[in-house]
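> This is final03.cif, which holds mmCIF, C-alpha atoms:
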```
data_target
loop_
_atom_site.label_atom_id
_atom_site.label_comp_id
_atom_site.auth_asym_id
_atom_site.auth_seq_id
_atom_site.Cartn_x
_atom_site.Cartn_y
_atom_site.Cartn_z
CA MET L 1 0.00 0.00 0.00
CA LYS L 2 2.89 2.35 0.77
CA HIS L 3 4.30 1.92 -2.76
CA PHE L 4 0.87 2.61 -4.25
CA ASN L 5 0.61 5.90 -2.32
CA ILE L 6 4.08 7.02 -3.45
CA ILE L 7 3.30 6.23 -7.11
CA PHE L 8 -0.05 8.03 -6.80
CA ILE L 9 1.63 11.17 -5.40
CA ILE L 10 4.30 11.18 -8.14
CA ILE L 11 1.69 10.85 -10.89
CA ASN L 12 -0.43 13.66 -9.42
CA PHE L 13 2.51 16.07 -9.21
CA SER L 14 3.70 15.25 -12.73
CA TRP L 15 0.57 16.86 -14.23
CA GLY L 16 1.13 20.15 -12.40
CA ILE L 17 4.20 21.29 -14.37
CA GLY L 18 4.25 24.57 -16.28
CA LEU L 19 1.72 27.29 -16.95
CA LYS L 20 -0.77 24.88 -18.55
CA SER L 21 -1.26 23.23 -15.17
CA LEU L 22 -3.10 26.38 -14.04
CA LEU L 23 -6.71 25.31 -13.76
CA ILE L 24 -9.44 27.77 -12.95
CA PRO L 25 -12.58 25.81 -12.02
CA ALA L 26 -15.83 26.79 -13.71
CA ASP L 27 -18.38 26.09 -10.98
CA ALA L 28 -18.69 26.25 -7.21
CA ILE L 29 -18.45 22.48 -6.67
CA SER L 30 -15.21 22.28 -8.67
CA ILE L 31 -13.82 25.19 -6.66
CA ALA L 32 -14.79 23.71 -3.30
CA SER L 33 -13.39 20.27 -4.12
CA SER L 34 -10.31 21.47 -6.05
CA ASN L 35 -11.48 19.35 -9.00
CA THR L 36 -11.05 16.12 -7.03
CA GLY L 37 -13.38 13.21 -6.54
CA ILE L 38 -13.70 11.71 -10.02
CA ALA L 39 -15.84 8.84 -8.75
CA LYS L 40 -17.87 10.72 -6.13
CA THR L 41 -18.68 14.16 -7.46
CA GLU L 42 -21.65 16.38 -8.12
CA SER L 43 -20.01 18.38 -10.92
CA VAL L 44 -20.10 17.36 -14.58
CA LYS L 45 -16.93 19.43 -15.09
CA ILE L 46 -15.07 16.89 -12.96
CA ASN L 47 -16.70 13.77 -14.46
CA PRO L 48 -19.41 14.02 -17.15
CA ALA L 49 -20.73 10.53 -16.23
CA ILE L 50 -22.39 11.92 -13.09
CA VAL L 51 -25.27 13.31 -15.18
CA ALA L 52 -26.44 9.75 -15.96
CA ASN L 53 -27.32 9.23 -12.30
CA GLN L 54 -29.07 12.55 -11.59
CA LYS L 55 -32.68 12.23 -10.53
CA SER L 56 -33.85 15.85 -10.94
CA ASN L 57 -33.41 18.88 -13.16
CA THR L 58 -30.65 21.22 -12.01
CA MET L 59 -29.75 24.80 -12.86
CA SER L 60 -26.92 26.90 -11.48
CA PHE L 61 -25.21 30.23 -12.07
CA SER L 62 -21.76 31.12 -10.83
CA LEU L 63 -19.86 34.42 -10.74
CA ASN L 64 -16.24 34.13 -9.60
CA ASN L 65 -13.45 36.65 -9.18
CA TRP L 66 -9.90 35.31 -9.08
CA LEU L 67 -6.47 36.77 -8.45
CA GLY L 68 -5.35 39.15 -11.18
CA ASP L 69 -8.96 40.29 -11.73
CA ILE L 70 -9.91 37.13 -13.63
CA LYS L 71 -13.69 37.12 -13.87
CA CYS L 72 -15.57 33.90 -14.52
CA THR L 73 -19.25 33.49 -15.31
CA SER L 74 -20.87 30.11 -15.77
CA PHE L 75 -24.34 28.76 -16.42
CA TYR L 76 -25.29 25.11 -16.05
CA HIS L 77 -28.55 23.31 -16.73
CA SER L 78 -29.13 19.54 -16.61
CA TRP L 79 -32.28 17.62 -17.40
CA ARG L 80 -32.81 13.86 -17.56
CA ASN L 81 -29.36 12.61 -18.59
CA ARG L 82 -28.20 15.71 -20.53
CA TYR L 83 -26.66 19.07 -19.72
CA ILE L 84 -25.37 22.31 -21.17
CA PHE L 85 -22.59 24.34 -19.62
CA LEU L 86 -21.60 27.86 -20.71
CA THR L 87 -18.40 29.33 -19.27
CA SER L 88 -16.79 32.72 -19.83
CA TYR L 89 -13.48 34.06 -18.47
CA LYS L 90 -12.33 37.62 -18.94
CA ILE L 91 -9.41 39.75 -17.83
CA ASN L 92 -9.64 43.49 -18.50
CA GLU L 93 -6.95 46.14 -18.52
CA VAL L 94 -3.90 43.94 -19.10
CA GLU L 95 -0.98 46.30 -19.62
CA LEU L 96 0.70 46.11 -23.03
CA ARG L 97 4.46 46.68 -22.86
CA GLY L 98 6.92 47.28 -25.67
CA THR L 99 10.31 45.71 -26.24
CA VAL L 100 12.07 48.57 -24.45
CA PRO L 101 11.52 48.70 -20.65
CA ASP L 102 9.46 51.73 -19.58
CA ASP L 103 7.45 52.80 -16.55
CA GLU L 104 4.36 53.48 -18.63
CA PRO L 105 2.53 50.83 -20.67
CA ILE L 106 1.89 51.37 -24.37
CA GLY L 107 -1.79 50.58 -23.81
CA ASN L 108 -4.20 48.03 -22.42
CA PHE L 109 -5.95 44.99 -23.85
CA SER L 110 -8.30 42.27 -22.63
CA VAL L 111 -8.20 38.47 -22.64
CA LYS L 112 -11.36 36.42 -23.29
CA TRP L 113 -12.17 32.71 -23.13
CA LEU L 114 -15.56 31.14 -23.93
CA SER L 115 -16.72 27.54 -23.81
CA LEU L 116 -20.08 26.03 -24.69
CA ALA L 117 -20.42 22.38 -23.65
CA TYR L 118 -23.12 19.78 -24.17
CA GLY L 119 -23.00 16.51 -22.28
CA TYR L 120 -24.91 13.25 -22.32
CA GLY L 121 -24.86 10.43 -19.80
CA TYR L 122 -25.89 6.82 -20.23
CA LYS L 123 -26.64 4.36 -17.45
CA PHE L 124 -25.62 0.88 -18.63
CA SER L 125 -26.75 -0.73 -15.36
CA ASN L 126 -27.28 0.24 -11.73
CA THR L 127 -23.53 -0.08 -11.17
CA PHE L 128 -21.94 1.33 -14.37
CA TYR L 129 -22.55 4.57 -16.22
CA ALA L 130 -20.69 6.79 -18.65
CA GLY L 131 -20.82 10.35 -19.93
CA LEU L 132 -19.53 12.26 -22.93
CA GLU L 133 -19.06 16.02 -23.08
CA THR L 134 -18.33 17.93 -26.27
CA GLN L 135 -17.42 21.60 -26.14
CA LEU L 136 -16.72 24.46 -28.48
CA ILE L 137 -13.87 26.73 -27.37
CA TYR L 138 -12.97 30.30 -28.31
CA SER L 139 -10.21 32.39 -26.75
CA ARG L 140 -8.61 35.67 -27.67
CA LEU L 141 -5.32 37.09 -26.39
CA TYR L 142 -4.61 40.56 -27.79
CA THR L 143 -4.86 39.93 -31.56
CA GLU L 144 -4.38 36.13 -31.53
CA LYS L 145 -7.26 33.69 -31.23
CA THR L 146 -7.81 30.02 -30.58
CA THR L 147 -10.86 27.99 -31.58
CA GLY L 148 -11.53 24.33 -31.12
CA PHE L 149 -13.75 21.38 -30.50
CA MET L 150 -12.78 19.32 -27.44
CA SER L 151 -14.33 16.32 -25.70
CA ASN L 152 -14.26 14.72 -22.27
CA ILE L 153 -15.41 11.20 -21.47
CA GLY L 154 -16.00 9.79 -18.01
CA PHE L 155 -16.94 6.48 -16.41
CA ILE L 156 -18.19 5.54 -12.96
CA TYR L 157 -18.42 2.00 -11.62
CA SER L 158 -20.17 1.50 -8.28
CA PRO L 159 -20.27 -2.14 -7.15
CA ASP L 160 -22.02 -1.15 -3.91
CA GLU L 161 -22.95 2.00 -1.99
CA ASN L 162 -19.60 2.13 -0.15
CA TYR L 163 -17.26 2.01 -3.17
CA GLN L 164 -17.07 3.91 -6.43
CA LEU L 165 -14.39 3.87 -9.08
CA GLY L 166 -14.17 6.64 -11.67
CA ALA L 167 -12.08 7.45 -14.72
CA VAL L 168 -11.97 10.53 -16.93
CA ILE L 169 -10.21 11.32 -20.20
CA LYS L 170 -10.17 15.06 -20.86
CA ASN L 171 -9.32 17.47 -23.65
CA PHE L 172 -9.12 15.31 -26.74
CA GLY L 173 -10.20 16.86 -30.00
CA TYR L 174 -9.25 19.56 -32.52
CA LEU L 175 -7.65 22.91 -31.73
CA ASN L 176 -6.80 25.72 -34.19
CA SER L 177 -4.52 28.17 -32.44
CA GLU L 178 -2.68 31.23 -33.74
CA LEU L 179 -0.65 30.99 -30.52
CA ASN L 180 0.55 27.43 -31.26
CA GLU L 181 -0.92 26.29 -27.96
CA THR L 182 -2.24 22.88 -27.04
CA TYR L 183 -4.59 21.75 -24.30
CA PRO L 184 -3.12 19.14 -21.98
CA SER L 185 -4.87 15.78 -22.10
CA GLU L 186 -5.64 14.27 -18.72
#
```
Let me see the file written as structure tokens.


Amino acid sequence: MKHFNIIFIIINFSWGIGLKSLLIPADAISIASSNTGIAKTESVKINPAIVANQKSNTMSFSLNNWLGDIKCTSFYHSWRNRYIFLTSYKINEVELRGTVPDDEPIGNFSVKWLSLAYGYGYKFSNTFYAGLETQLIYSRLYTEKTTGFMSNIGFIYSPDENYQLGAVIKNFGYLNSELNETYPSE
């Protein structure tokens, strides 16, 4: 068991390398849980398979302010075994600097990121269910933009009420970026 814990810790820290490891959660549940709990979650942004087991319609709005004046707005609605999720991030008044150091910025610009996701969950049995999320992405940094179509797929296996096992594959799809960026797969 000790070796398993060490391997688990090493794998978890290996994903958090570089600027792309910065993850700004889109909803309150993801924020409160730090995007953990793949098997036992209430947020489709952590595991899209959870929507297959929901028993009621759900709607939520979230307005978040982060460090550096990052503003996030999200809207979520689920019904039966489907959901839509709209997320918007924006940073205003980013100072534009030239190639020569100066006390005064040349000007200001804003950064925008939008995502529209649709998810569907399917319950194969009382113990196994899966979910697929597809999302359209648009971001703009100064004059450069990124557009794409990404997907997430999740699974939850629950042999009894005390144990659940979950798996998620995130960020696979197509990305067209003028910034030559890629989204990390998880």

> At most 10 Å from (-10.7, 26.7, -30.9), file frame, only C-alpha atoms: which residues, as a list in words?

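Within 10 Å of (-10.7, 26.7, -30.9), the protein and nucleic acid residues are Trp113, Leu114, Ser115, Gln135, Leu136, Ile137, Tyr138, Ser139, Arg140, Lys145, Thr146, Thr147, Gly148, Phe149, Met150, Gly173, Tyr174, Leu175, Asn176, Ser177 and Glu178 of chain L.
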
> Could you check which of L:Thr143, L:Asn108, L:Asn47, L:Asn180 is closest to Tyr120 in chain L, using only C-alpha atoms?

L:Asn47

> Which residue gives the smallest distance to Ala49 in chain L among L:Tyr89, L:Phe75, L:Phe124, L:Tyr142, with only C-alpha atoms counted?

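Nearest candidate to Ala49 in chain L out of L:Tyr89, L:Phe75, L:Phe124, L:Tyr142: L:Phe124.
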
> What residues come out when you apply the PyMOL selection byres ((chain L and resi 87) around 10) to this file, written as a short mmCIF file (atom, residue, chain, number, x, y, z; two decimals) with C-alpha atoms, in the frame of the given file?


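Here's the written file out-v2.cif:
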```
data_model
loop_
_atom_site.label_atom_id
_atom_site.label_comp_id
_atom_site.auth_asym_id
_atom_site.auth_seq_id
_atom_site.Cartn_x
_atom_site.Cartn_y
_atom_site.Cartn_z
CA PRO L 25 -12.58 25.81 -12.02
CA ALA L 26 -15.83 26.79 -13.71
CA ASP L 27 -18.38 26.09 -10.98
CA PHE L 61 -25.21 30.23 -12.07
CA SER L 62 -21.76 31.12 -10.83
CA CYS L 72 -15.57 33.90 -14.52
CA THR L 73 -19.25 33.49 -15.31
CA SER L 74 -20.87 30.11 -15.77
CA PHE L 75 -24.34 28.76 -16.42
CA TYR L 76 -25.29 25.11 -16.05
CA PHE L 85 -22.59 24.34 -19.62
CA LEU L 86 -21.60 27.86 -20.71
CA SER L 88 -16.79 32.72 -19.83
CA TYR L 89 -13.48 34.06 -18.47
CA TRP L 113 -12.17 32.71 -23.13
CA LEU L 114 -15.56 31.14 -23.93
CA SER L 115 -16.72 27.54 -23.81
CA LEU L 116 -20.08 26.03 -24.69
CA ALA L 117 -20.42 22.38 -23.65
CA ILE L 137 -13.87 26.73 -27.37
#
```

> Which value, in Å to one decimal, gives the distance between CA of Lys45 in chain L and CA of Ala130 in chain L?

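Between CA of Lys45 in chain L and CA of Ala130 in chain L the gap is 13.7 Å.
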
> Need to verify the contact set: Lys71 in chain L, 6 Å, only C-alpha atoms, exclusion of same-chain residues closer than 2 positions in sequence. Can you return it as a PDB file with C-alpha atoms, keeping the file's coordinate frame?


```pdb
ATOM      1  CA  ASN L  64     -16.240  34.130  -9.600  1.00  0.00           C
ATOM      2  CA  ASN L  65     -13.450  36.650  -9.180  1.00  0.00           C
ATOM      3  CA  TYR L  89     -13.480  34.060 -18.470  1.00  0.00           C
ATOM      4  CA  LYS L  90     -12.330  37.620 -18.940  1.00  0.00           C
TER       5      LYS L  90
END
```

> Using CA of Asn57 in chain L and CA of Tyr129 in chain L as the two end points, give the distance in Å to one decimal.

18.2 Å

> If you measure from CA of Ser158 in chain L to CA of Arg80 in chain L, what distance in Å do you get, rounded to one decimal?

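Computed distance, CA of Ser158 in chain L to CA of Arg80 in chain L, equals 20.0 Å.
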
> If I wrap all listed atoms of range 160-163 of chain L in a box with edges along x, y and z and add 6 Å on each side, what are its centre and edge lengths in Å to one decimal, as JSON?


```
{"center_x": -20.1, "center_y": 0.5, "center_z": -2.0, "size_x": 17.7, "size_y": 15.3, "size_z": 15.8}
```

> Ranking L:Tyr163, L:Phe155, L:Tyr118, L:Phe128 by minimum distance to Ile84 in chain L and counting only C-alpha atoms, which one comes first?

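That would be L:Tyr118, the residue with the smallest distance to Ile84 in chain L.
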
> Quick one: of L:Glu133, L:Glu161, L:Asp69, L:Asp102, who's nearest to Pro48 in chain L, counting only C-alpha atoms?

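For Pro48 in chain L, the nearest of the candidates is L:Glu133.
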